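Enquirer: What follows is the file upload06.cif, containing mmCIF, C-alpha atoms:
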data_protein
#
loop_
_atom_site.label_atom_id
_atom_site.label_comp_id
_atom_site.auth_asym_id
_atom_site.auth_seq_id
_atom_site.Cartn_x
_atom_site.Cartn_y
_atom_site.Cartn_z
CA MET A 12 52.19 -62.81 -34.90
CA ALA A 13 50.86 -60.36 -37.41
CA ASN A 14 48.09 -62.80 -38.35
CA GLN A 15 47.06 -63.06 -34.69
CA GLU A 16 46.79 -59.23 -34.32
CA ASN A 17 44.71 -58.97 -37.49
CA CYS A 18 42.38 -61.65 -36.23
CA MET A 19 41.81 -59.81 -32.93
CA ARG A 20 41.12 -56.56 -34.79
CA VAL A 21 38.54 -58.24 -37.00
CA THR A 22 36.87 -59.84 -33.97
CA ARG A 23 36.52 -56.45 -32.23
CA LEU A 24 35.10 -54.82 -35.35
CA SER A 25 32.56 -57.62 -35.73
CA ALA A 26 31.44 -57.20 -32.12
CA LYS A 27 30.92 -53.46 -32.59
CA ARG A 28 28.96 -54.08 -35.80
CA ARG A 29 26.64 -56.59 -34.10
CA ALA A 30 25.98 -54.19 -31.20
CA ALA A 31 25.12 -51.35 -33.60
CA GLU A 32 22.70 -53.55 -35.51
CA ALA A 33 20.96 -54.61 -32.29
CA LEU A 34 20.41 -51.00 -31.27
CA SER A 35 19.06 -50.04 -34.69
CA ASP A 36 16.33 -52.70 -34.36
CA GLN A 37 14.93 -51.04 -31.18
CA PRO A 38 12.66 -47.92 -31.32
CA GLN A 39 14.70 -44.85 -30.63
CA GLN A 40 13.76 -42.82 -27.56
CA GLN A 41 13.19 -39.10 -27.97
CA PRO A 42 15.13 -36.85 -25.57
CA PRO A 43 12.83 -35.38 -22.90
CA ALA A 44 11.45 -32.02 -23.90
CA LYS A 45 12.42 -29.09 -21.77
CA GLN A 46 9.54 -27.90 -19.60
CA LYS A 47 8.46 -24.42 -20.55
CA ARG A 48 8.43 -21.94 -17.70
CA VAL A 49 4.92 -20.61 -17.16
CA VAL A 50 4.62 -16.85 -16.90
CA LEU A 51 1.84 -15.09 -15.02
CA GLY A 52 0.21 -13.87 -18.21
CA GLU A 53 -0.22 -17.44 -19.46
CA ILE A 54 -1.85 -18.87 -16.33
CA SER A 55 -5.42 -19.78 -17.15
CA SER A 56 -8.37 -18.42 -15.25
CA ASN A 57 -9.13 -22.00 -14.15
CA VAL A 58 -6.10 -21.82 -11.89
CA LEU A 59 -6.66 -18.39 -10.43
CA GLY A 60 -10.43 -18.17 -10.41
CA SER A 61 -12.51 -15.59 -12.19
CA SER A 62 -10.12 -12.66 -11.73
CA SER A 63 -6.59 -12.02 -12.91
CA LEU A 64 -3.33 -10.90 -11.35
CA LYS A 65 -1.97 -7.43 -11.80
CA SER A 66 1.60 -6.73 -12.81
CA CYS A 67 4.30 -8.37 -10.73
CA SER A 68 6.02 -5.03 -10.38
CA GLU A 69 3.23 -3.81 -8.10
CA PRO A 70 3.88 -4.22 -4.37
CA ARG A 71 2.04 -6.93 -2.49
CA THR A 72 -0.75 -5.93 -0.16
CA ARG A 73 -0.81 -6.47 3.58
CA ALA A 74 -2.46 -9.92 3.72
CA ARG A 75 -3.91 -9.41 7.22
CA SER A 76 -6.32 -6.69 6.23
CA ARG A 77 -7.47 -7.72 2.75
CA LYS A 78 -10.99 -8.85 2.07
CA SER A 79 -10.74 -11.86 -0.23
CA SER A 80 -9.11 -15.24 0.20
CA LYS A 81 -8.96 -15.57 -3.63
CA PHE A 82 -6.68 -13.64 -5.95
CA SER A 83 -8.22 -10.44 -7.24
CA SER A 84 -6.87 -7.27 -8.74
CA SER A 85 -8.16 -5.17 -5.85
CA ASN A 86 -6.14 -7.27 -3.43
CA LEU A 87 -2.91 -6.25 -5.12
CA ILE A 88 -3.39 -2.54 -4.50
CA PRO A 89 -1.21 -1.31 -1.62
CA ALA A 90 -3.10 -0.18 1.46
CA SER A 91 -1.85 3.39 0.96
CA GLU A 92 -3.43 3.49 -2.53
CA LYS A 93 -6.80 1.98 -1.66
CA THR A 94 -9.74 4.27 -1.23
CA PRO A 95 -11.79 3.99 1.97
CA GLU A 96 -14.63 2.50 -0.05
CA GLU A 97 -12.36 -0.35 -1.17
CA ASP A 98 -11.15 -1.00 2.35
CA VAL A 99 -14.56 -1.62 3.90
CA VAL A 100 -15.75 -5.05 4.88
CA GLY A 101 -18.96 -5.71 3.00
CA PRO A 102 -21.57 -7.96 4.60
CA PRO A 103 -22.19 -11.47 3.29
CA LYS A 104 -25.47 -12.20 1.60
CA VAL A 105 -26.71 -14.45 4.37
CA SER A 106 -29.00 -14.17 7.33
CA ASN A 107 -27.84 -12.95 10.73
CA ASP A 108 -28.21 -16.47 12.07
CA ASP A 109 -25.44 -17.59 9.71
CA ILE A 110 -23.26 -14.47 9.67
CA ASP A 111 -19.99 -16.42 9.80
CA ALA A 112 -20.92 -19.00 7.16
CA VAL A 113 -19.87 -16.86 4.21
CA SER A 114 -17.30 -14.10 4.17
CA ASN A 115 -14.95 -12.49 1.66
CA ASP A 116 -12.55 -11.43 4.41
CA PRO A 117 -9.67 -13.83 5.23
CA GLN A 118 -9.90 -12.61 8.83
CA MET A 119 -13.43 -14.04 9.00
CA CYS A 120 -12.29 -17.58 8.31
CA GLY A 121 -15.61 -19.36 7.96
CA PRO A 122 -15.81 -22.26 10.41
CA TYR A 123 -12.85 -20.92 12.41
CA VAL A 124 -14.06 -17.40 13.07
CA THR A 125 -16.02 -18.22 16.22
CA GLY A 126 -13.02 -19.88 17.82
CA ILE A 127 -10.76 -17.06 16.71
CA TYR A 128 -12.92 -14.40 18.33
CA GLU A 129 -13.30 -16.42 21.51
CA TYR A 130 -9.50 -16.52 21.65
CA LEU A 131 -9.27 -12.76 21.04
CA ARG A 132 -11.85 -12.07 23.74
CA ASN A 133 -9.79 -14.08 26.20
CA MET A 134 -6.57 -12.41 25.06
CA GLU A 135 -7.88 -8.86 25.53
CA GLN A 136 -8.51 -9.61 29.20
CA GLU A 137 -5.00 -10.86 29.95
CA GLU A 138 -3.33 -8.58 32.46
CA LYS A 139 -0.08 -8.38 30.50
CA ARG A 140 -1.97 -7.00 27.48
CA ARG A 141 -4.14 -4.51 29.36
CA PRO A 142 -3.22 -0.97 30.47
CA GLN A 143 -4.24 0.12 33.92
CA GLY A 144 -7.35 2.28 33.85
CA ASP A 145 -5.91 4.62 36.49
CA TYR A 146 -2.24 4.75 35.57
CA MET A 147 -2.25 8.56 35.43
CA GLN A 148 -3.03 8.67 39.13
CA LYS A 149 -0.89 5.71 40.22
CA ILE A 150 2.16 5.76 37.96
CA GLN A 151 2.61 9.05 36.15
CA LYS A 152 3.71 12.18 37.98
CA ASP A 153 4.75 14.52 35.16
CA VAL A 154 2.29 13.49 32.42
CA SER A 155 -1.42 14.29 32.42
CA ALA A 156 -4.45 12.93 30.56
CA ASN A 157 -4.54 16.16 28.53
CA MET A 158 -0.92 15.65 27.41
CA ARG A 159 -1.76 12.11 26.39
CA GLY A 160 -4.66 13.44 24.29
CA ILE A 161 -2.40 15.95 22.53
CA LEU A 162 0.07 13.16 21.75
CA VAL A 163 -2.65 10.88 20.31
CA ASP A 164 -4.04 13.78 18.24
CA TRP A 165 -0.58 14.33 16.76
CA LEU A 166 -0.13 10.61 16.10
CA VAL A 167 -3.40 10.59 14.13
CA GLU A 168 -1.90 13.27 11.87
CA LEU A 169 1.35 11.32 11.65
CA ALA A 170 -0.53 8.17 10.65
CA GLU A 171 -2.27 10.13 7.88
CA GLU A 172 1.06 11.57 6.72
CA PHE A 173 2.68 8.12 6.58
CA LYS A 174 -0.47 6.50 5.15
CA VAL A 175 -0.26 3.59 7.57
CA VAL A 176 -3.16 1.18 8.01
CA SER A 177 -5.51 1.96 10.88
CA ASP A 178 -4.39 -1.14 12.80
CA THR A 179 -0.97 0.49 13.17
CA LEU A 180 -2.49 3.55 14.83
CA TYR A 181 -4.57 1.49 17.27
CA LEU A 182 -1.63 -0.72 18.16
CA THR A 183 0.55 2.37 18.70
CA ILE A 184 -1.86 3.79 21.28
CA SER A 185 -2.11 0.40 22.96
CA HIS A 186 1.68 0.24 23.32
CA ILE A 187 1.77 3.76 24.75
CA ASP A 188 -0.90 3.07 27.37
CA ARG A 189 0.68 -0.21 28.41
CA PHE A 190 4.09 1.44 28.75
CA LEU A 191 2.70 4.35 30.76
CA SER A 192 0.94 1.84 33.01
CA THR A 193 4.33 0.46 34.00
CA LYS A 194 6.95 3.20 33.87
CA PRO A 195 6.81 6.88 34.82
CA ILE A 196 8.08 9.26 32.15
CA ASN A 197 8.73 12.97 32.02
CA ARG A 198 6.83 15.14 29.60
CA GLN A 199 9.93 15.93 27.53
CA ARG A 200 10.11 12.28 26.47
CA LEU A 201 6.39 11.76 25.80
CA GLN A 202 6.63 12.52 22.08
CA LEU A 203 9.71 10.30 21.89
CA LEU A 204 7.61 7.49 23.34
CA GLY A 205 4.92 8.19 20.73
CA VAL A 206 7.20 7.95 17.68
CA SER A 207 8.98 4.89 19.07
CA ALA A 208 5.65 3.15 19.71
CA MET A 209 4.51 3.89 16.16
CA LEU A 210 7.82 2.65 14.81
CA ILE A 211 7.27 -0.67 16.62
CA ALA A 212 3.64 -0.93 15.50
CA SER A 213 4.67 -0.16 11.91
CA LYS A 214 7.19 -2.98 11.94
CA TYR A 215 4.48 -5.27 13.25
CA GLU A 216 1.69 -4.26 10.83
CA GLU A 217 3.18 -2.65 7.71
CA ILE A 218 4.79 -4.29 4.70
CA ASP A 219 7.11 -1.33 4.17
CA PRO A 220 7.54 0.52 7.48
CA LYS A 221 9.12 3.96 7.43
CA PRO A 222 12.78 4.16 8.49
CA VAL A 223 13.78 5.71 11.80
CA GLU A 224 15.00 8.85 10.06
CA LYS A 225 11.47 9.62 8.82
CA PHE A 226 10.15 9.55 12.37
CA CYS A 227 12.95 11.87 13.48
CA ASP A 228 12.04 14.25 10.65
CA MET A 229 8.41 14.37 11.81
CA THR A 230 9.57 15.59 15.22
CA GLU A 231 11.61 18.30 13.44
CA ASN A 232 14.70 16.43 14.65
CA THR A 233 13.85 17.06 18.29
CA TYR A 234 15.15 13.53 18.85
CA THR A 235 18.10 11.81 17.23
CA LYS A 236 18.01 8.40 15.58
CA HIS A 237 19.96 7.00 18.52
CA GLU A 238 17.39 8.30 21.01
CA VAL A 239 14.48 6.81 19.05
CA VAL A 240 16.19 3.42 18.80
CA GLU A 241 17.01 3.47 22.51
CA MET A 242 13.40 4.25 23.39
CA GLU A 243 12.23 1.54 21.01
CA ALA A 244 14.36 -0.99 22.91
CA GLU A 245 13.05 0.30 26.23
CA VAL A 246 9.42 -0.09 25.13
CA LEU A 247 10.06 -3.61 23.85
CA LYS A 248 11.69 -4.68 27.10
CA THR A 249 9.04 -3.02 29.26
CA LEU A 250 6.25 -4.79 27.38
CA ASN A 251 8.24 -8.04 27.45
CA TYR A 252 8.07 -8.17 23.65
CA GLU A 253 4.29 -8.83 23.78
CA MET A 254 3.53 -6.62 20.78
CA GLY A 255 0.41 -8.20 19.37
CA ASN A 256 -2.93 -7.75 21.06
CA PRO A 257 -6.49 -7.14 19.91
CA THR A 258 -7.69 -3.55 19.60
CA ALA A 259 -11.10 -1.98 19.10
CA LYS A 260 -10.52 -2.12 15.33
CA THR A 261 -10.03 -5.87 15.55
CA PHE A 262 -13.56 -6.36 16.88
CA LEU A 263 -15.11 -3.52 14.90
CA ARG A 264 -14.66 -5.44 11.65
CA ARG A 265 -16.89 -8.28 12.75
CA PHE A 266 -19.40 -6.19 14.69
CA THR A 267 -19.94 -3.94 11.66
CA ARG A 268 -20.80 -6.95 9.52
CA VAL A 269 -23.28 -8.16 12.10
CA ALA A 270 -24.85 -4.69 12.34
CA GLN A 271 -25.43 -4.66 8.58
CA GLY A 272 -27.22 -7.99 8.75
CA ASN A 273 -28.22 -9.48 5.40
CA SER A 274 -27.95 -6.23 3.48
CA LYS A 275 -26.68 -6.86 -0.06
CA ASN A 276 -24.60 -3.67 -0.15
CA PRO A 277 -22.28 -2.36 2.57
CA ASN A 278 -23.54 0.71 4.42
CA LEU A 279 -20.48 2.91 4.02
CA GLN A 280 -21.89 5.65 6.21
CA LEU A 281 -22.32 3.23 9.11
CA GLU A 282 -18.83 1.80 8.63
CA PHE A 283 -17.06 5.17 8.41
CA LEU A 284 -19.05 6.55 11.32
CA GLY A 285 -17.94 3.54 13.34
CA TYR A 286 -14.30 4.18 12.40
CA TYR A 287 -14.67 7.83 13.35
CA LEU A 288 -16.19 7.16 16.77
CA ALA A 289 -13.60 4.47 17.50
CA GLU A 290 -10.74 6.85 16.73
CA LEU A 291 -12.37 9.51 18.90
CA SER A 292 -12.23 7.02 21.78
CA LEU A 293 -8.44 6.81 21.36
CA LEU A 294 -8.17 10.48 22.36
CA ASP A 295 -9.93 10.00 25.69
CA TYR A 296 -7.96 8.65 28.62
CA GLY A 297 -11.32 7.78 30.21
CA CYS A 298 -11.85 5.07 27.58
CA VAL A 299 -8.64 3.23 28.51
CA LYS A 300 -10.45 1.26 31.21
CA PHE A 301 -12.89 -0.30 28.73
CA LEU A 302 -12.05 -3.53 26.92
CA PRO A 303 -11.47 -3.08 23.17
CA SER A 304 -14.47 -5.31 22.37
CA MET A 305 -16.69 -3.13 24.57
CA VAL A 306 -15.49 0.02 22.80
CA ALA A 307 -16.21 -1.60 19.42
CA ALA A 308 -19.71 -2.67 20.49
CA SER A 309 -20.44 0.78 21.95
CA VAL A 310 -19.31 2.41 18.72
CA ILE A 311 -21.77 0.29 16.72
CA PHE A 312 -24.56 1.15 19.20
CA LEU A 313 -23.89 4.89 18.91
CA ALA A 314 -23.38 4.83 15.14
CA LYS A 315 -26.73 3.12 14.59
CA PHE A 316 -28.42 5.54 16.99
CA THR A 317 -26.88 8.52 15.16
CA ILE A 318 -28.17 7.37 11.78
CA HIS A 319 -31.58 6.08 12.96
CA PRO A 320 -32.35 7.79 16.29
CA LYS A 321 -35.96 6.54 16.37
CA LYS A 322 -35.01 2.90 15.97
CA HIS A 323 -33.58 0.79 18.78
CA PRO A 324 -29.89 0.37 17.90
CA TRP A 325 -29.50 -3.10 19.41
CA ASN A 326 -30.96 -6.49 18.57
CA SER A 327 -30.59 -10.14 19.52
CA SER A 328 -28.06 -10.79 16.77
CA LEU A 329 -25.74 -8.01 17.94
CA GLN A 330 -26.15 -9.13 21.52
CA SER A 331 -25.25 -12.69 20.57
CA TYR A 332 -22.20 -11.89 18.44
CA THR A 333 -20.75 -9.11 20.60
CA GLY A 334 -21.53 -10.76 23.91
CA TYR A 335 -22.82 -7.47 25.34
CA LYS A 336 -26.27 -6.40 26.43
CA PRO A 337 -27.27 -2.73 26.02
CA SER A 338 -27.06 -2.22 29.77
CA ASP A 339 -23.41 -3.39 29.67
CA LEU A 340 -22.57 -0.68 27.16
CA LYS A 341 -24.27 2.32 28.74
CA GLU A 342 -21.24 3.93 30.42
CA CYS A 343 -18.98 3.47 27.41
CA VAL A 344 -21.63 4.65 24.92
CA LEU A 345 -22.30 7.85 26.87
CA ARG A 346 -18.59 8.53 27.19
CA ILE A 347 -18.05 8.27 23.44
CA GLN A 348 -21.19 10.32 22.75
CA ASP A 349 -19.72 13.12 24.87
CA LEU A 350 -16.70 13.07 22.55
CA GLN A 351 -18.95 13.10 19.50
CA LEU A 352 -20.93 16.10 20.79
CA ASP A 353 -17.83 17.94 22.10
CA ARG A 354 -19.28 18.05 25.57
CA ARG A 355 -15.82 17.87 27.09
CA GLY A 356 -14.69 21.04 25.36
CA GLY A 357 -11.87 19.28 23.58
CA SER A 358 -9.58 21.22 21.26
CA LEU A 359 -8.23 18.11 19.52
CA VAL A 360 -9.38 18.19 15.92
CA ALA A 361 -7.20 15.76 13.95
CA VAL A 362 -9.75 12.92 13.98
CA LYS A 363 -12.65 15.27 13.23
CA ASN A 364 -10.82 16.90 10.32
CA LYS A 365 -9.80 13.51 8.96
CA TYR A 366 -13.40 12.29 8.81
CA LYS A 367 -14.70 15.54 7.32
CA GLN A 368 -13.29 14.40 4.00
CA HIS A 369 -15.71 13.28 1.30
CA LYS A 370 -13.94 9.94 0.96
CA TYR A 371 -15.20 9.21 4.49
CA LYS A 372 -18.71 10.47 3.68
CA CYS A 373 -18.10 13.51 5.95
CA VAL A 374 -19.28 11.44 8.93
CA SER A 375 -17.68 13.73 11.51
CA THR A 376 -20.31 16.34 10.62
CA LEU A 377 -23.07 14.01 11.81
CA THR A 378 -24.30 14.44 15.37
CA SER A 379 -26.58 12.30 17.45
CA LEU A 380 -29.47 13.50 19.59
CA SER A 381 -28.29 14.95 22.89
CA GLU A 382 -30.09 12.28 24.91
CA ILE A 383 -30.34 8.56 24.26
CA PRO A 384 -33.69 7.16 25.46
CA ALA A 385 -33.34 5.11 28.63
CA SER A 386 -35.36 2.32 27.00
CA TYR A 387 -32.55 1.78 24.51
CA PHE A 388 -30.34 0.53 27.32
CA GLU A 389 -32.81 -2.14 28.35
CA ASP A 390 -31.79 -5.68 27.55
CA VAL A 391 -33.07 -7.02 24.28
CA ASN A 392 -34.98 -9.90 25.87
CA GLU A 393 -36.77 -7.44 28.15
CA ARG A 394 -38.21 -5.36 25.31
#
Would you mind writing the file out in structure tokens?
Expert:
Amino acid sequence: MANQENCMRVTRLSAKRRAAEALSDQPQQQPPAKQKRVVLGEISSNVLGSSSLKSCSEPRTRARSRKSSKFSSSNLIPASEKTPEEDVVGPPKVSNDDIDAVSNDPQMCGPYVTGIYEYLRNMEQEEKRRPQGDYMQKIQKDVSANMRGILVDWLVELAEEFKVVSDTLYLTISHIDRFLSTKPINRQRLQLLGVSAMLIASKYEEIDPKPVEKFCDMTENTYTKHEVVEMEAEVLKTLNYEMGNPTAKTFLRRFTRVAQGNSKNPNLQLEFLGYYLAELSLLDYGCVKFLPSMVAASVIFLAKFTIHPKKHPWNSSLQSYTGYKPSDLKECVLRIQDLQLDRRGGSLVAVKNKYKQHKYKCVSTLTSLSEIPASYFEDVNER
């Protein structure tokens, strides 16, 4: 019995020895190396392009309004820290006939931009996205056009205080006009409507919108947090949660590029003057009836006339890209010019003071001639 157990033990040992020898004859495989985690500082320029990323600790920018589809250090600067010069949309170095072929703005998406702007032009005309041009007469009983102007003037100051992007301000005014076109409101709640509309627009446009408490503080706690939130809900329901719609600023970006043509350097004076005139139009209830694209085109017309009064401000390229002839713009242009020349005796100065700053090239100090030649409103193909 003992001999049998010894024999089995020897057999097992022999089998293990043969298996070990067989393995030793084969090339040994190296264990897979652990993949090293790549950090941002080690990413080559071939991956990111010619520019480099800034520190990860810096906040991301609002992608909708940045100029380049590639990574660049300027794109990582928050909107509140960018200077006006950095926020302008420079023209591409191409001819007017090919204005959409090249662009450093992700909102001017090359082959898609024409379709995008056709869609926006159709959207701006949808009834659900348009305020009534006569809502003060038809809907409102306790609020006047002058009160609306005072509210907008205050919201311009609030936007500067909060350092929100300009799209937030335009969208705020759009929400206010659409709400007032539907529901009557008493004057005691008009400012409440204003802060609630900006709160909604901030959530739609900003990366880091201000909390409700900040808006209450700006009203010197005239309204409680509960009241602001309740009004916010009321605005959302009244507008059927249709919060996004094109504004004059939406179209002004593209029209400004077209106006600058094939210039190699952006004309900052023209751009800032356009921004100034467009914000002036927000103050005037009389401009509510005009489509945002018409306001943007009229602003370009008047800005060019202000800078070069002896040169016809319109051309075939502008007519083609805006879709408006000079004769289409006459009423809107003259209305905005009245605001520029203070012909309406307005006491609202927030926009004017804002654009008196040197960072905006002091464009609010510029004035146009009192009369625009009638020939400038003739159609381009008739000249």
Enquirer: Choose the residue, out of A:Leu203, A:Leu288, A:Ile150, A:Met242, that has the smallest atom-to-atom separation from Ala259 in chain A; count only C-alpha atoms.
Expert: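 Of all the options, A:Leu288 lies closest to Ala259 in chain A.
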Enquirer: Find, counting only C-alpha atoms, the residue in A:Arg268, A:Phe262, A:Leu279, A:Asn326 that gets nearest to Val306 in chain A.
Expert: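 Once distances to Val306 in chain A are computed over only C-alpha atoms, the minimum belongs to A:Phe262.
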Enquirer: If you measure from CA of Thr193 in chain A to CA of Leu250 in chain A, what distance in Å do you get, rounded to one decimal?
Expert: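 Calculated distance between CA of Thr193 in chain A and CA of Leu250 in chain A is 8.7 Å.
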Enquirer: Could you tell me, as a PyMOL selection string, exactly which residues end up selected when the PyMOL selection byres ((chain A and resi 328) around 10) is applied to this structure?
Expert: chain A and resi 107-108+110+269-270+272+325-327+329-334+391
Enquirer: Considering all atoms listed in the file, tabulate each residue of range 187-211 of chain A that lies at most 8 Å from range 154-170 of chain A along with its nearest interatomic pair and the corresponding distance in Å to one decimal; arrange the rows by chain and ascending residue number and present them as a tab-separated table.
Expert:
residue	atom	partner	partner_atom	distance
A:Ile196	CA	A:Val154	CA	7.2
A:Asn197	CA	A:Val154	CA	6.5
A:Arg198	CA	A:Val154	CA	5.6
A:Leu201	CA	A:Leu162	CA	7.6
A:Gln202	CA	A:Leu162	CA	6.6
A:Gly205	CA	A:Leu162	CA	7.0
A:Val206	CA	A:Leu166	CA	8.0
Enquirer: Using CA of Phe173 in chain A and CA of Ala361 in chain A as the two end points, give the distance in Å to one decimal.
Expert: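 These two atoms are separated by 14.5 Å.
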Enquirer: CA of Leu294 in chain A and CA of Ser379 in chain A are how many Å apart?
Expert: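 Computing it gives 19.1 Å between the two atoms.
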Enquirer: Compute the distance from (-33.3, 2.6, 28.6) to each atom, counting all atoms listed in the file, keep the residues with any atom at most 12 Å away, and return them as a PyMOL selection string; use the coordinates of the file.
Expert: chain A and resi 323-325+336-341+382-391+393-394
Enquirer: I'd like to see the residues matched by the PyMOL selection byres ((chain A and resi 191) around 9) on this file, and ideally I'd get them as number ranges by chain.
Expert: A: 142-143, 146-147, 150-151, 186-190, 192-196
Enquirer: Find the residues around range 313-321 of chain A up to 7 Å (all atoms listed in the file counted), leave out those fewer than 2 positions away in its own chain, and share them as a list in words.
Expert: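 These residues fall inside the cut-off: Leu281, Leu284, Gly285, Ser309, Val310, Ile311, His323, Pro324, Val344, Thr378 and Ser379 of chain A.
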Enquirer: Between A:Leu204, A:Leu377, A:Ile211, A:Val362, which one has atoms that come closest to Glu171 in chain A, using all atoms listed in the file?
Expert: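 Among the listed residues, the smallest separation from Glu171 in chain A belongs to A:Val362.
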Enquirer: Find the residues around Tyr234 in chain A up to 10 Å (only C-alpha atoms counted), leave out those fewer than 5 positions away in its own chain, and share them as a PyMOL selection string.
Expert: chain A and resi 200+202-203+206+224+226-229+239
Enquirer: Name the residues captured by the PyMOL selection byres ((chain A and resi 350) around 12) when it is applied to the shown file; answer as a VMD selection string.
Expert: chain A and resid 287 to 298 310 313 343 to 349 351 to 360 362 to 363 375 378 to 379 381
Enquirer: Considering all atoms listed in the file, state which residue in the set A:Glu238, A:Leu180, A:Phe283, A:Met209 is at the smallest distance from Lys370 in chain A.
Expert: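 Of A:Glu238, A:Leu180, A:Phe283, A:Met209, the one nearest Lys370 in chain A is A:Phe283, counting all atoms listed in the file.
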